[in-house]
>>> print(open('query31.cif').read())   # mmCIF, C-alpha atoms
data_final
loop_
_atom_site.label_atom_id
_atom_site.label_comp_id
_atom_site.auth_asym_id
_atom_site.auth_seq_id
_atom_site.Cartn_x
_atom_site.Cartn_y
_atom_site.Cartn_z
CA MET A 253 17.61 11.89 24.70
CA VAL A 254 14.20 13.40 23.85
CA ALA A 255 13.89 11.07 20.85
CA LEU A 256 14.72 8.04 22.98
CA LEU A 257 11.92 8.88 25.41
CA PHE A 258 9.36 8.13 22.70
CA PHE A 259 10.33 4.46 22.90
CA PHE A 260 9.24 4.27 26.54
CA ILE A 261 6.39 6.77 26.88
CA PRO A 262 3.12 5.57 25.28
CA VAL A 263 1.54 8.11 22.96
CA ILE A 264 -2.19 8.66 23.41
CA SER A 265 -4.14 8.76 20.16
CA ALA A 266 -6.24 11.82 19.43
CA ALA A 267 -8.16 10.15 16.60
CA ASP A 268 -11.91 10.62 16.97
CA PRO A 269 -14.57 9.12 14.67
CA ASN A 270 -17.15 11.56 16.03
CA SER A 271 -15.27 14.76 15.12
CA PRO A 272 -14.26 16.07 11.68
CA HIS A 273 -10.63 16.32 10.65
CA LEU A 274 -8.84 19.64 11.01
CA HIS A 275 -9.17 20.31 7.27
CA SER A 276 -10.64 18.84 4.10
CA GLY A 277 -7.34 17.99 2.44
CA ILE A 278 -3.88 19.55 2.07
CA LEU A 279 -2.13 17.23 -0.37
CA ASN A 280 -3.15 16.87 -4.01
CA LYS A 281 -5.19 13.74 -4.50
CA TYR A 282 -4.21 11.12 -7.07
CA GLN A 283 -6.39 10.43 -10.09
CA ARG A 284 -7.46 6.96 -11.21
CA CYS A 285 -5.55 6.86 -14.49
CA HIS A 286 -2.57 5.17 -16.14
CA PRO A 287 0.81 5.84 -14.43
CA SER A 288 2.12 7.47 -17.62
CA ARG A 289 -0.31 10.33 -17.03
CA TYR A 290 1.76 11.53 -14.08
CA PRO A 291 4.38 14.07 -15.21
CA ASP A 292 7.04 13.35 -12.58
CA GLU A 293 9.50 10.46 -12.69
CA LYS A 294 8.10 8.30 -9.90
CA PHE A 295 6.79 5.71 -12.36
CA SER A 296 9.30 6.03 -15.19
CA LEU A 297 11.29 2.82 -15.72
CA THR A 298 14.87 2.77 -16.96
CA THR A 299 16.62 -0.23 -18.51
CA GLU A 300 18.17 -0.91 -15.10
CA ASP A 301 14.72 -0.75 -13.47
CA LEU A 302 13.31 -3.28 -15.93
CA ALA A 303 16.22 -5.62 -15.22
CA LEU A 304 15.49 -5.31 -11.51
CA LEU A 305 11.81 -6.16 -12.06
CA TYR A 306 12.84 -9.20 -14.10
CA THR A 307 14.71 -10.61 -11.08
CA GLY A 308 11.58 -10.35 -8.92
CA GLN A 309 12.61 -7.24 -7.03
CA ALA A 310 10.74 -3.95 -6.75
CA VAL A 311 11.71 -0.53 -8.05
CA LEU A 312 11.36 1.63 -4.96
CA ARG A 313 11.63 5.41 -4.64
CA VAL A 314 11.34 7.12 -1.26
CA VAL A 315 11.64 10.81 -0.42
CA SER A 316 11.23 11.56 3.29
CA ASP A 317 11.28 14.39 5.80
CA ARG A 318 10.58 17.41 3.67
CA ALA A 319 9.54 20.35 5.81
CA HIS A 320 5.83 21.18 5.87
CA PRO A 321 3.85 23.59 8.09
CA SER A 322 1.67 20.71 9.34
CA GLY A 323 4.52 18.31 10.09
CA ALA A 324 6.96 16.42 7.88
CA ARG A 325 6.02 15.36 4.36
CA SER A 326 7.23 12.14 2.76
CA SER A 327 6.57 10.42 -0.54
CA ALA A 328 7.05 6.86 -1.70
CA ALA A 329 6.43 4.96 -4.91
CA PHE A 330 7.17 1.48 -6.17
CA VAL A 331 6.67 -0.73 -9.19
CA LYS A 332 6.57 -4.49 -8.70
CA ASP A 333 5.92 -7.45 -11.00
CA VAL A 334 3.71 -10.05 -9.32
CA ALA A 335 3.33 -13.64 -10.51
CA ALA A 336 -0.46 -13.57 -10.20
CA PRO A 337 -3.21 -12.18 -12.45
CA PRO A 338 -4.74 -8.75 -11.70
CA GLY A 339 -7.91 -10.24 -10.23
CA VAL A 340 -5.90 -11.96 -7.52
CA VAL A 341 -3.93 -8.79 -6.75
CA TRP A 342 -7.17 -6.85 -6.38
CA ASP A 343 -8.52 -9.56 -4.06
CA VAL A 344 -5.55 -8.95 -1.76
CA LEU A 345 -5.81 -5.16 -1.96
CA ALA A 346 -9.53 -5.28 -1.15
CA ASP A 347 -9.03 -7.60 1.83
CA PHE A 348 -8.67 -4.90 4.48
CA ALA A 349 -8.94 -7.34 7.37
CA GLY A 350 -5.88 -9.09 5.97
CA TYR A 351 -3.69 -5.99 5.78
CA PRO A 352 -2.00 -6.62 9.17
CA LYS A 353 -0.86 -10.02 7.86
CA HIS A 354 1.20 -8.69 4.95
CA ILE A 355 1.81 -5.00 5.69
CA ASP A 356 3.90 -5.08 8.85
CA PRO A 357 3.38 -1.51 10.18
CA ILE A 358 -0.42 -2.00 10.14
CA VAL A 359 -1.56 -3.68 13.34
CA ALA A 360 -5.32 -3.34 12.78
CA CYS A 361 -7.64 -2.42 9.91
CA SER A 362 -11.42 -2.57 9.86
CA VAL A 363 -14.03 -1.39 7.35
CA TYR A 364 -16.77 0.83 8.77
CA GLU A 365 -18.56 1.83 5.54
CA ARG A 366 -18.82 0.76 1.92
CA HIS A 367 -21.08 1.68 -0.98
CA ARG A 368 -21.20 1.50 -4.76
CA MET A 369 -19.71 4.21 -6.96
CA LEU A 370 -21.16 4.51 -10.47
CA PRO A 371 -20.61 3.27 -13.07
CA ALA A 372 -18.66 0.24 -11.78
CA GLY A 373 -16.73 1.27 -8.71
CA GLU A 374 -16.87 1.07 -4.94
CA VAL A 375 -16.07 3.39 -2.04
CA VAL A 376 -14.66 1.73 1.08
CA ARG A 377 -13.86 3.57 4.31
CA ALA A 378 -11.65 1.86 6.88
CA GLN A 379 -9.98 2.62 10.19
CA TYR A 380 -6.24 1.89 10.50
CA LYS A 381 -3.94 1.49 13.46
CA VAL A 382 -0.28 1.73 12.47
CA LYS A 383 2.83 1.21 14.59
CA ILE A 384 5.39 3.95 13.90
CA ALA A 385 7.79 2.74 16.62
CA PRO A 386 7.61 0.29 19.57
CA ALA A 387 5.59 2.73 21.73
CA ILE A 388 4.13 4.97 19.03
CA CYS A 389 0.90 4.03 17.27
CA VAL A 390 -1.27 6.33 15.21
CA GLN A 391 -4.85 5.84 14.08
CA TYR A 392 -6.45 7.26 11.00
CA PHE A 393 -9.55 6.92 8.84
CA MET A 394 -9.12 6.34 5.11
CA GLU A 395 -11.43 6.52 2.10
CA HIS A 396 -10.62 4.20 -0.83
CA ARG A 397 -12.15 4.52 -4.28
CA PHE A 398 -11.95 1.38 -6.41
CA GLU A 399 -12.37 1.33 -10.19
CA GLN A 400 -10.35 -1.78 -10.97
CA LEU A 401 -12.62 -2.99 -13.77
CA THR A 402 -12.80 0.21 -15.81
CA LYS A 403 -9.62 2.08 -14.83
CA ARG A 404 -7.46 -0.64 -13.24
CA SER A 405 -6.85 1.63 -10.28
CA MET A 406 -7.72 2.60 -6.74
CA THR A 407 -7.04 5.90 -4.99
CA PHE A 408 -7.18 6.71 -1.31
CA HIS A 409 -7.13 9.72 0.98
CA LEU A 410 -8.13 10.50 4.55
CA ASP A 411 -11.80 10.41 5.43
CA TYR A 412 -11.99 14.09 6.36
CA GLY A 413 -15.30 13.60 8.12
CA ARG A 414 -13.40 11.91 10.95
CA CYS A 415 -10.42 13.18 12.93
CA SER A 416 -7.16 11.25 12.29
CA ASP A 417 -3.82 11.35 14.10
CA ILE A 418 -1.90 12.18 10.92
CA PRO A 419 -2.36 15.56 9.17
CA ASP A 420 -2.90 14.09 5.69
CA CYS A 421 -2.32 11.08 3.44
CA VAL A 422 -3.15 10.36 -0.20
CA GLY A 423 -2.22 7.46 -2.47
CA TYR A 424 -2.76 5.33 -5.53
CA TRP A 425 -2.68 1.73 -6.78
CA TYR A 426 -2.66 0.67 -10.42
CA VAL A 427 -2.61 -2.97 -11.57
CA GLU A 428 -2.14 -3.89 -15.22
CA PRO A 429 -1.90 -7.33 -16.90
CA HIS A 430 1.65 -8.53 -17.54
CA MET A 431 3.11 -11.59 -19.27
CA GLY A 432 -0.09 -12.34 -21.17
CA GLY A 433 -2.32 -11.62 -18.18
CA GLN A 434 -0.97 -14.42 -15.99
CA HIS A 435 1.16 -11.91 -14.09
CA SER A 436 0.59 -8.30 -13.04
CA ARG A 437 2.64 -5.12 -12.97
CA VAL A 438 1.69 -3.16 -9.85
CA PHE A 439 2.23 0.58 -9.38
CA TYR A 440 1.88 2.24 -5.99
CA ALA A 441 2.43 5.76 -4.71
CA THR A 442 1.66 7.66 -1.54
CA ASP A 443 2.25 11.13 -0.12
CA GLN A 444 1.74 11.75 3.55
CA ILE A 445 2.34 14.26 6.29
CA LEU A 446 3.36 12.78 9.62
CA PRO A 447 3.00 14.74 12.87
CA GLY A 448 5.93 16.96 13.74
CA TRP A 449 6.12 15.55 17.30
CA ILE A 450 7.42 12.23 15.94
CA PRO A 451 11.26 12.45 15.95
CA ALA A 452 12.83 12.74 12.49
CA PRO A 453 14.93 9.52 12.75
CA ILE A 454 11.81 7.54 13.63
CA ARG A 455 9.85 9.06 10.74
CA SER A 456 12.60 8.25 8.23
CA THR A 457 13.01 4.68 9.48
CA PHE A 458 9.26 4.10 9.44
CA ILE A 459 8.89 5.27 5.82
CA ARG A 460 11.85 3.26 4.54
CA ILE A 461 11.15 0.01 6.40
CA GLY A 462 7.40 0.25 5.87
CA CYS A 463 7.78 0.55 2.10
CA ASN A 464 10.36 -2.24 1.93
CA ARG A 465 8.14 -4.63 3.86
CA ALA A 466 5.01 -3.73 1.92
CA THR A 467 6.73 -4.38 -1.41
CA ALA A 468 8.36 -7.57 -0.17
CA ASN A 469 5.12 -9.02 1.21
CA LEU A 470 2.77 -8.14 -1.65
CA GLU A 471 3.68 -10.99 -3.99
CA PRO A 472 3.73 -13.74 -1.31
CA ALA A 473 0.25 -12.62 -0.21
CA CYS A 474 -0.97 -12.78 -3.82
CA LEU A 475 0.62 -16.18 -4.41
CA ILE A 476 -0.99 -17.59 -1.30
CA ARG A 477 -4.37 -16.23 -2.46
CA LEU A 478 -3.82 -17.76 -5.91
CA ALA A 479 -2.85 -21.10 -4.37
CA GLU A 480 -6.08 -21.06 -2.38
CA ARG A 481 -8.03 -20.57 -5.60
CA THR A 482 -6.42 -23.60 -7.25
CA ALA A 483 -6.28 -25.84 -4.16
CA THR A 484 -9.48 -27.74 -5.02
CA SER A 485 -8.62 -28.41 -8.67
CA THR A 486 -7.33 -31.89 -9.55
CA THR A 487 -6.28 -31.35 -13.17
CA SER A 488 -2.66 -31.98 -14.14
CA GLN A 489 -2.34 -28.37 -15.24
CA ALA A 490 -3.50 -27.18 -11.80
CA LYS A 491 -1.04 -29.54 -10.07
CA SER A 492 1.80 -28.17 -12.19
CA TRP A 493 0.68 -24.62 -11.43
CA ARG A 494 0.58 -25.35 -7.68
CA GLN A 495 4.16 -26.62 -7.85
CA HIS A 496 5.16 -23.42 -9.63
CA LEU A 497 3.36 -21.34 -6.98
CA GLY A 498 5.10 -23.19 -4.17
CA SER A 499 8.49 -22.54 -5.74
CA ARG A 500 7.66 -18.87 -6.32
CA ILE A 501 6.40 -18.40 -2.75
CA ARG A 502 9.59 -19.91 -1.33
CA GLN A 503 11.66 -17.67 -3.62
CA GLN A 504 9.84 -14.52 -2.50
CA PHE A 505 10.08 -15.33 1.21
CA ALA A 506 13.81 -16.08 0.77
CA LEU A 507 14.25 -12.70 -0.95
CA HIS A 508 12.34 -10.99 1.87
CA ALA A 509 14.49 -12.71 4.52
CA LYS A 510 17.66 -11.66 2.70
CA ARG A 511 16.51 -8.00 2.64
CA SER A 512 15.58 -8.07 6.32
#
>>> encode(input="query31.cif", output="structure tokens")
Amino acid sequence: MVALLFFFIPVISAADPNSPHLHSGILNKYQRCHPSRYPDEKFSLTTEDLALLYTGQAVLRVVSDRAHPSGARSSAAFVKDVAAPPGVVWDVLADFAGYPKHIDPIVACSVYERHRMLPAGEVVRAQYKVKIAPAICVQYFMEHRFEQLTKRSMTFHLDYGRCSDIPDCVGYWYVEPHMGGQHSRVFYATDQILPGWIPAPIRSTFIRIGCNRATANLEPACLIRLAERTATSTTSQAKSWRQHLGSRIRQQFALHAKRS
């Protein structure tokens, strides 16, 4: 009964951009490096995993609701082959205003600061509003560090200079060329601590569904971005490529609908 009440009682956010977070980081931050540098098995691919990637599906690993003094810790990782070159994938990942369109739990995302990071990177800080359940939304402030040109990766963690609703969150993206550079193999991982006042069934459902939708929507978003890039070209090769993109987009949306 207590858990059901969360669906009807709005939760007031305690996020505050004018106050620092309660700490400067609990979880170990990811490094911008190749996935093989991580010792655990989150990015290791078996023969069965490779077969799954070949069919257009994602390899998804989720571990949720491990006890933690600050709440409940969860981890997720996926590997996904995307029929678009790395530059297009990075365009989508850097389009923070577009996140609500293809990452369902995110209802709002806005950049409040960005600056260069030497030698060839960028730091972007953004505010997120995420729907955990019908009447539960949390807000948090995230710092992203891009080095896609030199290290093919981006890491993120809370902006600890601002107070967020969630105790902690860290993560990682890595995009490498695949199939001669026309496609990409995308690696993603995140560890987060959700507040203990969110009921366990809601936390578990949020993690599982959120990851499934994010993986399912990534490639369609990239294909739409790629189609926009080639829309003005009139060459026969571009026309053939647009037909291929249309077929691939329809295939990915059909796969997403089947999973849902």
>>> resolve_selection(input="query31.cif", expression="the PyMOL selection byres ((chain A and resi 378) around 10)", output="PyMOL selection string")
chain A and resi 348-349+361-366+376-377+379-380+392-396+410-411
>>> resolve_selection(input="query31.cif", expression="the PyMOL selection byres ((chain A and resi 270-287) around 7)", output="list in words")
Asp268, Pro269, Ser288, Arg289, Tyr290, Phe295, Lys403, Ser405, Met406, Thr407, Tyr412, Gly413, Arg414, Cys415, Ser416, Asp420, Val422, Gly423 and Tyr424 of chain A
>>> write_last_selection(input="query31.cif", atoms="C-alpha atoms", output="PDB file, keeping the file's coordinate frame")
ATOM      1  CA  ASP A 268     -11.910  10.620  16.970  1.00  0.00           C
ATOM      2  CA  PRO A 269     -14.570   9.120  14.670  1.00  0.00           C
ATOM      3  CA  SER A 288       2.120   7.470 -17.620  1.00  0.00           C
ATOM      4  CA  ARG A 289      -0.310  10.330 -17.030  1.00  0.00           C
ATOM      5  CA  TYR A 290       1.760  11.530 -14.080  1.00  0.00           C
ATOM      6  CA  PHE A 295       6.790   5.710 -12.360  1.00  0.00           C
ATOM      7  CA  LYS A 403      -9.620   2.080 -14.830  1.00  0.00           C
ATOM      8  CA  SER A 405      -6.850   1.630 -10.280  1.00  0.00           C
ATOM      9  CA  MET A 406      -7.720   2.600  -6.740  1.00  0.00           C
ATOM     10  CA  THR A 407      -7.040   5.900  -4.990  1.00  0.00           C
ATOM     11  CA  TYR A 412     -11.990  14.090   6.360  1.00  0.00           C
ATOM     12  CA  GLY A 413     -15.300  13.600   8.120  1.00  0.00           C
ATOM     13  CA  ARG A 414     -13.400  11.910  10.950  1.00  0.00           C
ATOM     14  CA  CYS A 415     -10.420  13.180  12.930  1.00  0.00           C
ATOM     15  CA  SER A 416      -7.160  11.250  12.290  1.00  0.00           C
ATOM     16  CA  ASP A 420      -2.900  14.090   5.690  1.00  0.00           C
ATOM     17  CA  VAL A 422      -3.150  10.360  -0.200  1.00  0.00           C
ATOM     18  CA  GLY A 423      -2.220   7.460  -2.470  1.00  0.00           C
ATOM     19  CA  TYR A 424      -2.760   5.330  -5.530  1.00  0.00           C
TER      20      TYR A 424
END
>>> atom_distance(input="query31.cif", atom1="CA of Pro352 in chain A", atom2="CA of Ile388 in chain A")
16.4 Å
>>> closest_residue(input="query31.cif", among="A:Leu446, A:Leu304, A:Ala441, A:Leu345", to="Val390 in chain A", atoms="all atoms listed in the file")
A:Leu446
>>> atom_distance(input="query31.cif", atom1="CA of His320 in chain A", atom2="CA of Gln391 in chain A")
20.4 Å
>>> atom_distance(input="query31.cif", atom1="CA of Tyr440 in chain A", atom2="CA of Glu428 in chain A")
11.8 Å
>>> closest_atom_pairs(input="query31.cif", of="range 380-498 of chain A", to="range 309-318 of chain A", cutoff="10 Å", atoms="only C-alpha atoms", output="JSON lines")
{"residue": "A:Val438", "atom": "CA", "partner": "A:Ala310", "partner_atom": "CA", "distance": 9.6}
{"residue": "A:Phe439", "atom": "CA", "partner": "A:Val311", "partner_atom": "CA", "distance": 9.6}
{"residue": "A:Tyr440", "atom": "CA", "partner": "A:Leu312", "partner_atom": "CA", "distance": 9.6}
{"residue": "A:Ala441", "atom": "CA", "partner": "A:Arg313", "partner_atom": "CA", "distance": 9.2}
{"residue": "A:Thr442", "atom": "CA", "partner": "A:Val314", "partner_atom": "CA", "distance": 9.7}
{"residue": "A:Asp443", "atom": "CA", "partner": "A:Val315", "partner_atom": "CA", "distance": 9.4}
{"residue": "A:Gln444", "atom": "CA", "partner": "A:Ser316", "partner_atom": "CA", "distance": 9.5}
{"residue": "A:Ile445", "atom": "CA", "partner": "A:Asp317", "partner_atom": "CA", "distance": 9.0}
{"residue": "A:Leu446", "atom": "CA", "partner": "A:Asp317", "partner_atom": "CA", "distance": 8.9}
{"residue": "A:Gly448", "atom": "CA", "partner": "A:Asp317", "partner_atom": "CA", "distance": 9.9}
{"residue": "A:Ala452", "atom": "CA", "partner": "A:Asp317", "partner_atom": "CA", "distance": 7.1}
{"residue": "A:Pro453", "atom": "CA", "partner": "A:Asp317", "partner_atom": "CA", "distance": 9.2}
{"residue": "A:Arg455", "atom": "CA", "partner": "A:Asp317", "partner_atom": "CA", "distance": 7.4}
{"residue": "A:Ser456", "atom": "CA", "partner": "A:Ser316", "partner_atom": "CA", "distance": 6.1}
{"residue": "A:Thr457", "atom": "CA", "partner": "A:Ser316", "partner_atom": "CA", "distance": 9.4}
{"residue": "A:Phe458", "atom": "CA", "partner": "A:Ser316", "partner_atom": "CA", "distance": 9.9}
{"residue": "A:Ile459", "atom": "CA", "partner": "A:Ser316", "partner_atom": "CA", "distance": 7.2}
{"residue": "A:Arg460", "atom": "CA", "partner": "A:Val314", "partner_atom": "CA", "distance": 7.0}
{"residue": "A:Cys463", "atom": "CA", "partner": "A:Leu312", "partner_atom": "CA", "distance": 8.0}
{"residue": "A:Asn464", "atom": "CA", "partner": "A:Leu312", "partner_atom": "CA", "distance": 8.0}
{"residue": "A:Thr467", "atom": "CA", "partner": "A:Ala310", "partner_atom": "CA", "distance": 6.7}
{"residue": "A:Ala468", "atom": "CA", "partner": "A:Ala310", "partner_atom": "CA", "distance": 7.9}
>>> closest_residue(input="query31.cif", among="A:Trp342, A:Cys421, A:Ala267, A:Asn469", to="Ile355 in chain A", atoms="only C-alpha atoms")
A:Asn469
